[in-house]
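**Q** Take a look at entry_7.cif, mmCIF, C-alpha atoms:
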data_start
#
loop_
_atom_site.group_PDB
_atom_site.id
_atom_site.type_symbol
_atom_site.label_atom_id
_atom_site.label_comp_id
_atom_site.auth_asym_id
_atom_site.auth_seq_id
_atom_site.Cartn_x
_atom_site.Cartn_y
_atom_site.Cartn_z
ATOM 1 C CA MET A 73 0.000 0.000 0.000
ATOM 2 C CA LEU A 74 1.523 3.310 -1.109
ATOM 3 C CA ARG A 75 0.521 6.526 0.605
ATOM 4 C CA ASN A 76 1.568 10.060 -0.175
ATOM 5 C CA ILE A 77 1.348 12.501 2.693
ATOM 6 C CA ILE A 78 2.541 16.039 3.203
ATOM 7 C CA VAL A 79 4.529 16.086 6.403
ATOM 8 C CA PRO A 80 3.665 19.400 8.102
ATOM 9 C CA ALA A 81 6.996 21.144 8.168
ATOM 10 C CA LEU A 82 8.452 17.636 8.515
ATOM 11 C CA ALA A 83 7.695 17.578 12.195
ATOM 12 C CA ALA A 84 9.102 21.056 12.535
ATOM 13 C CA LEU A 85 12.162 20.041 10.536
ATOM 14 C CA ALA A 86 14.796 19.464 13.152
ATOM 15 C CA LEU A 87 12.386 19.116 16.040
ATOM 16 C CA ALA A 88 14.632 21.627 17.710
ATOM 17 C CA GLY A 89 16.651 19.065 19.619
ATOM 18 C CA CYS A 90 13.780 16.792 20.506
ATOM 19 C CA GLY A 91 15.480 15.642 23.643
ATOM 20 C CA GLY A 92 15.372 11.864 24.139
ATOM 21 C CA SER A 93 18.052 9.387 23.258
ATOM 22 C CA GLU A 94 18.389 8.344 19.633
ATOM 23 C CA GLY A 95 16.991 4.849 20.085
ATOM 24 C CA ASN A 96 14.023 5.836 22.236
ATOM 25 C CA ILE A 97 11.624 7.863 20.066
ATOM 26 C CA THR A 98 7.902 7.840 20.761
ATOM 27 C CA ALA A 99 4.938 9.635 19.262
ATOM 28 C CA ASN A 100 5.062 12.068 22.175
ATOM 29 C CA ASP A 101 8.400 13.373 20.846
ATOM 30 C CA ALA A 102 6.750 14.753 17.711
ATOM 31 C CA VAL A 103 6.084 18.468 17.569
ATOM 32 C CA GLN A 104 2.446 19.559 17.375
ATOM 33 C CA ALA A 105 2.665 21.436 14.065
ATOM 34 C CA GLU A 106 0.013 23.929 13.050
ATOM 35 C CA PRO A 107 -1.996 22.899 9.976
ATOM 36 C CA LEU A 108 -0.905 24.615 6.784
ATOM 37 C CA ASN A 109 -3.262 25.858 4.116
ATOM 38 C CA ALA A 110 -2.528 25.061 0.452
ATOM 39 C CA ALA A 111 -0.903 28.453 -0.225
ATOM 40 C CA ASP A 112 1.400 28.073 2.781
ATOM 41 C CA MET A 113 2.404 24.582 1.636
ATOM 42 C CA ASP A 114 3.152 25.830 -1.884
ATOM 43 C CA ASN A 115 5.244 28.714 -0.539
ATOM 44 C CA ALA A 116 7.073 26.491 1.948
ATOM 45 C CA ALA A 117 7.760 23.866 -0.724
ATOM 46 C CA ASP A 118 9.175 26.553 -3.013
ATOM 47 C CA GLN A 119 11.608 27.673 -0.319
ATOM 48 C CA THR A 120 12.568 24.443 1.442
ATOM 49 C CA ASN A 121 14.281 21.322 0.150
ATOM 50 C CA TYR A 122 12.753 18.777 2.528
ATOM 51 C CA SER A 123 14.989 15.967 1.256
ATOM 52 C CA ALA A 124 18.045 17.921 2.324
ATOM 53 C CA ALA A 125 16.433 18.869 5.639
ATOM 54 C CA VAL A 126 15.676 15.229 6.539
ATOM 55 C CA LEU A 127 19.124 14.107 5.408
ATOM 56 C CA ALA A 128 20.622 16.691 7.779
ATOM 57 C CA GLN A 129 18.610 15.474 10.791
ATOM 58 C CA ASN A 130 20.151 13.211 13.402
ATOM 59 C CA ASP A 131 18.618 9.768 14.025
ATOM 60 C CA ALA A 132 16.314 10.973 16.811
ATOM 61 C CA GLN A 133 14.962 13.863 14.764
ATOM 62 C CA ARG A 134 14.496 11.691 11.687
ATOM 63 C CA GLY A 135 12.690 9.051 13.777
ATOM 64 C CA ALA A 136 10.240 11.670 15.045
ATOM 65 C CA THR A 137 9.732 12.936 11.477
ATOM 66 C CA PHE A 138 8.925 9.401 10.340
ATOM 67 C CA ILE A 139 6.493 8.846 13.219
ATOM 68 C CA ARG A 140 4.680 12.033 12.252
ATOM 69 C CA ALA A 141 4.512 11.022 8.583
ATOM 70 C CA LEU A 142 3.143 7.576 9.498
ATOM 71 C CA GLN A 143 0.556 8.971 11.910
ATOM 72 C CA ASP A 144 -0.573 11.533 9.329
ATOM 73 C CA ALA A 145 -0.988 8.724 6.756
ATOM 74 C CA PRO A 146 -2.611 7.239 9.125
ATOM 75 C CA LEU A 147 -0.499 4.135 9.628
ATOM 76 C CA PRO A 148 0.314 2.532 12.981
ATOM 77 C CA CYS A 149 3.658 3.413 14.565
ATOM 78 C CA ASP A 150 4.164 4.869 18.018
ATOM 79 C CA HIS A 151 7.884 4.105 18.283
ATOM 80 C CA VAL A 152 10.641 3.877 15.653
ATOM 81 C CA ASP A 153 13.072 1.144 16.648
ATOM 82 C CA LYS A 154 15.413 1.972 13.761
ATOM 83 C CA SER A 155 15.650 3.565 10.359
ATOM 84 C CA VAL A 156 18.184 2.645 7.708
ATOM 85 C CA ARG A 157 18.897 4.657 4.582
ATOM 86 C CA ILE A 158 18.441 2.459 1.521
ATOM 87 C CA ALA A 159 18.953 3.090 -2.189
ATOM 88 C CA ASP A 160 17.104 6.125 -3.493
ATOM 89 C CA GLN A 161 13.798 5.323 -5.192
ATOM 90 C CA ASP A 162 13.352 7.343 -8.399
ATOM 91 C CA GLY A 163 15.942 9.828 -7.136
ATOM 92 C CA VAL A 164 14.172 10.293 -3.772
ATOM 93 C CA PRO A 165 16.101 9.668 -0.503
ATOM 94 C CA THR A 166 14.461 6.616 1.080
ATOM 95 C CA TRP A 167 14.671 4.815 4.421
ATOM 96 C CA ARG A 168 13.527 1.439 5.745
ATOM 97 C CA VAL A 169 11.753 2.282 8.990
ATOM 98 C CA THR A 170 11.090 -0.414 11.600
ATOM 99 C CA CYS A 171 8.454 0.378 14.193
ATOM 100 C CA LYS A 172 7.997 -1.238 17.596
ATOM 101 C CA GLY A 173 6.547 -4.699 17.000
ATOM 102 C CA GLY A 174 8.467 -5.184 13.752
ATOM 103 C CA THR A 175 6.224 -3.372 11.266
ATOM 104 C CA ASN A 176 8.350 -2.056 8.399
ATOM 105 C CA TYR A 177 7.765 0.834 6.032
ATOM 106 C CA MET A 178 9.744 2.393 3.232
ATOM 107 C CA ILE A 179 9.565 6.178 3.458
ATOM 108 C CA GLY A 180 10.848 8.488 0.757
ATOM 109 C CA ILE A 181 11.076 12.243 1.270
ATOM 110 C CA PRO A 182 11.292 14.202 -2.004
ATOM 111 C CA PRO A 183 12.305 17.879 -2.084
ATOM 112 C CA ASN A 184 8.645 19.037 -1.996
ATOM 113 C CA GLY A 185 8.038 17.284 1.360
ATOM 114 C CA VAL A 186 5.249 14.947 0.176
ATOM 115 C CA ALA A 187 6.333 11.731 1.909
ATOM 116 C CA LYS A 188 5.951 8.509 -0.057
ATOM 117 C CA ILE A 189 5.197 5.625 2.278
ATOM 118 C CA LEU A 190 5.102 1.965 1.345
ATOM 119 C CA SER A 191 4.037 -0.639 3.927
ATOM 120 C CA ARG A 192 6.422 -3.575 4.009
ATOM 121 C CA THR A 193 4.765 -6.558 5.645
ATOM 122 C CA ASP A 194 7.038 -9.037 3.841
ATOM 123 C CA ARG A 195 10.316 -7.810 5.429
#
Rewrite the structure from the file as structure tokens, please.
**A**
Amino acid sequence: MLRNIIVPALAALALAGCGGSEGNITANDAVQAEPLNAADMDNAADQTNYSAAVLAQNDAQRGATFIRALQDAPLPCDHVDKSVRIADQDGVPTWRVTCKGGTNYMIGIPPNGVAKILSRTDR
């Protein structure tokens, strides 16, 4: 199942030092972002390269970004156990994300910030 979702400011892009240790991210670590209207999203997408922003995040920040993207999809994940960068998909930086309980997703973040999420129940 493939889902495209706009990640509101990619969980406030760096989550401003979200605190917790890198391997202990929960849904509570995600920033409560304000909803954006279509014009705001277009303007933000024109000014921000979300791929680069996510690539620059540390593991804890990226985990919180992925939780937010999955919850917005809505797909179940309240804790990211790990995320591993895999080969880009169609030029989009992509990660294999493993949630608590072993559920896996592939998440790609293109420059426009519209996350591409693929559920991976076979691995």
**Q** Looking at only C-alpha atoms, which of A:Thr166, A:Gln129, A:Ser191, A:Asn176 is the one that sits closest to Lys154 in chain A?
**A**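 So, comparing all the options, the nearest one is A:Asn176.
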**Q** Rounded to one decimal in Å, what is the spacing between CA of Val186 in chain A and CA of Tyr122 in chain A?
**A**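 Computed distance, CA of Val186 in chain A to CA of Tyr122 in chain A, equals 8.7 Å.
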**Q** Once the PyMOL selection byres ((chain A and resi 178) around 8) has been applied to the shown file, what residues remain in the selection, as an MDAnalysis selection string?
**A** chainID A and resid 166:169 176:177 179:180 188:192
**Q** Please evaluate the PyMOL selection byres ((chain A and resi 139) around 8) against the structure above and give the resulting residues as number ranges by chain.
**A** A: 98-99, 102, 135-138, 140-143, 149-152
**Q** What separation in Å, quoted to one decimal, exists between CA of Pro182 in chain A and CA of Thr120 in chain A?
**A**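 Computing the Euclidean distance for CA of Pro182 in chain A and CA of Thr120 in chain A yields 10.9 Å.
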**Q** With distances taken over all atoms listed in the file, which residue among A:Ala159, A:Pro146, A:Asp153, A:Gln119 lies nearest Ala132 in chain A?
**A**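 That would be A:Asp153, the residue with the smallest distance to Ala132 in chain A.
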**Q** Have a look at CA of Asn121 in chain A and CA of Cys171 in chain A and let me know their distance in Å, one decimal.
**A**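 CA of Cys171 in chain A lies at a distance of 25.9 Å from CA of Asn121 in chain A.
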**Q** Is it possible to add N, CA, C and O atoms to range 138-155 of chain A and hand it back as a JSON list (two decimals), in the frame of the given file?
**A**
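Resulting contents of out_23.json:
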[["chain", "number", "residue", "atom", "x", "y", "z"],
["A", 138, "PHE", "N", 9.58, 10.58, 10.91],
["A", 138, "PHE", "CA", 8.93, 9.40, 10.34],
["A", 138, "PHE", "C", 7.66, 9.02, 11.10],
["A", 138, "PHE", "O", 6.66, 8.64, 10.50],
["A", 139, "ILE", "N", 7.70, 9.12, 12.43],
["A", 139, "ILE", "CA", 6.49, 8.85, 13.22],
["A", 139, "ILE", "C", 5.38, 9.78, 12.78],
["A", 139, "ILE", "O", 4.24, 9.36, 12.56],
["A", 140, "ARG", "N", 5.70, 11.05, 12.64],
["A", 140, "ARG", "CA", 4.68, 12.03, 12.25],
["A", 140, "ARG", "C", 4.11, 11.71, 10.87],
["A", 140, "ARG", "O", 2.90, 11.77, 10.65],
["A", 141, "ALA", "N", 4.98, 11.37, 9.93],
["A", 141, "ALA", "CA", 4.51, 11.02, 8.58],
["A", 141, "ALA", "C", 3.60, 9.80, 8.62],
["A", 141, "ALA", "O", 2.54, 9.78, 7.97],
["A", 142, "LEU", "N", 3.96, 8.79, 9.40],
["A", 142, "LEU", "CA", 3.14, 7.58, 9.50],
["A", 142, "LEU", "C", 1.81, 7.86, 10.18],
["A", 142, "LEU", "O", 0.77, 7.36, 9.74],
["A", 143, "GLN", "N", 1.81, 8.65, 11.23],
["A", 143, "GLN", "CA", 0.56, 8.97, 11.91],
["A", 143, "GLN", "C", -0.35, 9.81, 11.02],
["A", 143, "GLN", "O", -1.56, 9.65, 11.04],
["A", 144, "ASP", "N", 0.23, 10.71, 10.23],
["A", 144, "ASP", "CA", -0.57, 11.53, 9.33],
["A", 144, "ASP", "C", -1.14, 10.71, 8.18],
["A", 144, "ASP", "O", -2.10, 11.13, 7.54],
["A", 145, "ALA", "N", -0.57, 9.54, 7.91],
["A", 145, "ALA", "CA", -0.99, 8.72, 6.76],
["A", 145, "ALA", "C", -2.40, 8.15, 6.81],
["A", 145, "ALA", "O", -3.03, 8.10, 5.76],
["A", 146, "PRO", "N", -3.04, 7.69, 7.80],
["A", 146, "PRO", "CA", -2.61, 7.24, 9.12],
["A", 146, "PRO", "C", -2.21, 5.76, 9.10],
["A", 146, "PRO", "O", -3.00, 4.91, 8.70],
["A", 147, "LEU", "N", -1.01, 5.49, 9.52],
["A", 147, "LEU", "CA", -0.50, 4.14, 9.63],
["A", 147, "LEU", "C", 0.03, 3.95, 11.05],
["A", 147, "LEU", "O", 0.54, 4.89, 11.65],
["A", 148, "PRO", "N", -0.07, 2.74, 11.58],
["A", 148, "PRO", "CA", 0.31, 2.53, 12.98],
["A", 148, "PRO", "C", 1.83, 2.55, 13.19],
["A", 148, "PRO", "O", 2.57, 1.86, 12.52],
["A", 149, "CYS", "N", 2.27, 3.40, 14.11],
["A", 149, "CYS", "CA", 3.66, 3.41, 14.56],
["A", 149, "CYS", "C", 3.74, 4.41, 15.70],
["A", 149, "CYS", "O", 3.55, 5.61, 15.50],
["A", 150, "ASP", "N", 4.00, 3.93, 16.91],
["A", 150, "ASP", "CA", 4.16, 4.87, 18.02],
["A", 150, "ASP", "C", 5.60, 4.90, 18.52],
["A", 150, "ASP", "O", 5.91, 5.61, 19.47],
["A", 151, "HIS", "N", 6.48, 4.13, 17.90],
["A", 151, "HIS", "CA", 7.88, 4.11, 18.28],
["A", 151, "HIS", "C", 8.71, 3.59, 17.11],
["A", 151, "HIS", "O", 8.41, 2.54, 16.56],
["A", 152, "VAL", "N", 9.72, 4.33, 16.70],
["A", 152, "VAL", "CA", 10.64, 3.88, 15.65],
["A", 152, "VAL", "C", 11.81, 3.19, 16.33],
["A", 152, "VAL", "O", 12.56, 3.82, 17.08],
["A", 153, "ASP", "N", 11.94, 1.88, 16.10],
["A", 153, "ASP", "CA", 13.07, 1.14, 16.65],
["A", 153, "ASP", "C", 14.35, 1.48, 15.89],
["A", 153, "ASP", "O", 15.41, 1.62, 16.48],
["A", 154, "LYS", "N", 14.24, 1.59, 14.55],
["A", 154, "LYS", "CA", 15.41, 1.97, 13.76],
["A", 154, "LYS", "C", 14.97, 2.42, 12.37],
["A", 154, "LYS", "O", 13.88, 2.09, 11.91],
["A", 155, "SER", "N", 15.84, 3.19, 11.76],
["A", 155, "SER", "CA", 15.65, 3.56, 10.36],
["A", 155, "SER", "C", 17.00, 3.44, 9.67],
["A", 155, "SER", "O", 18.03, 3.79, 10.24]]
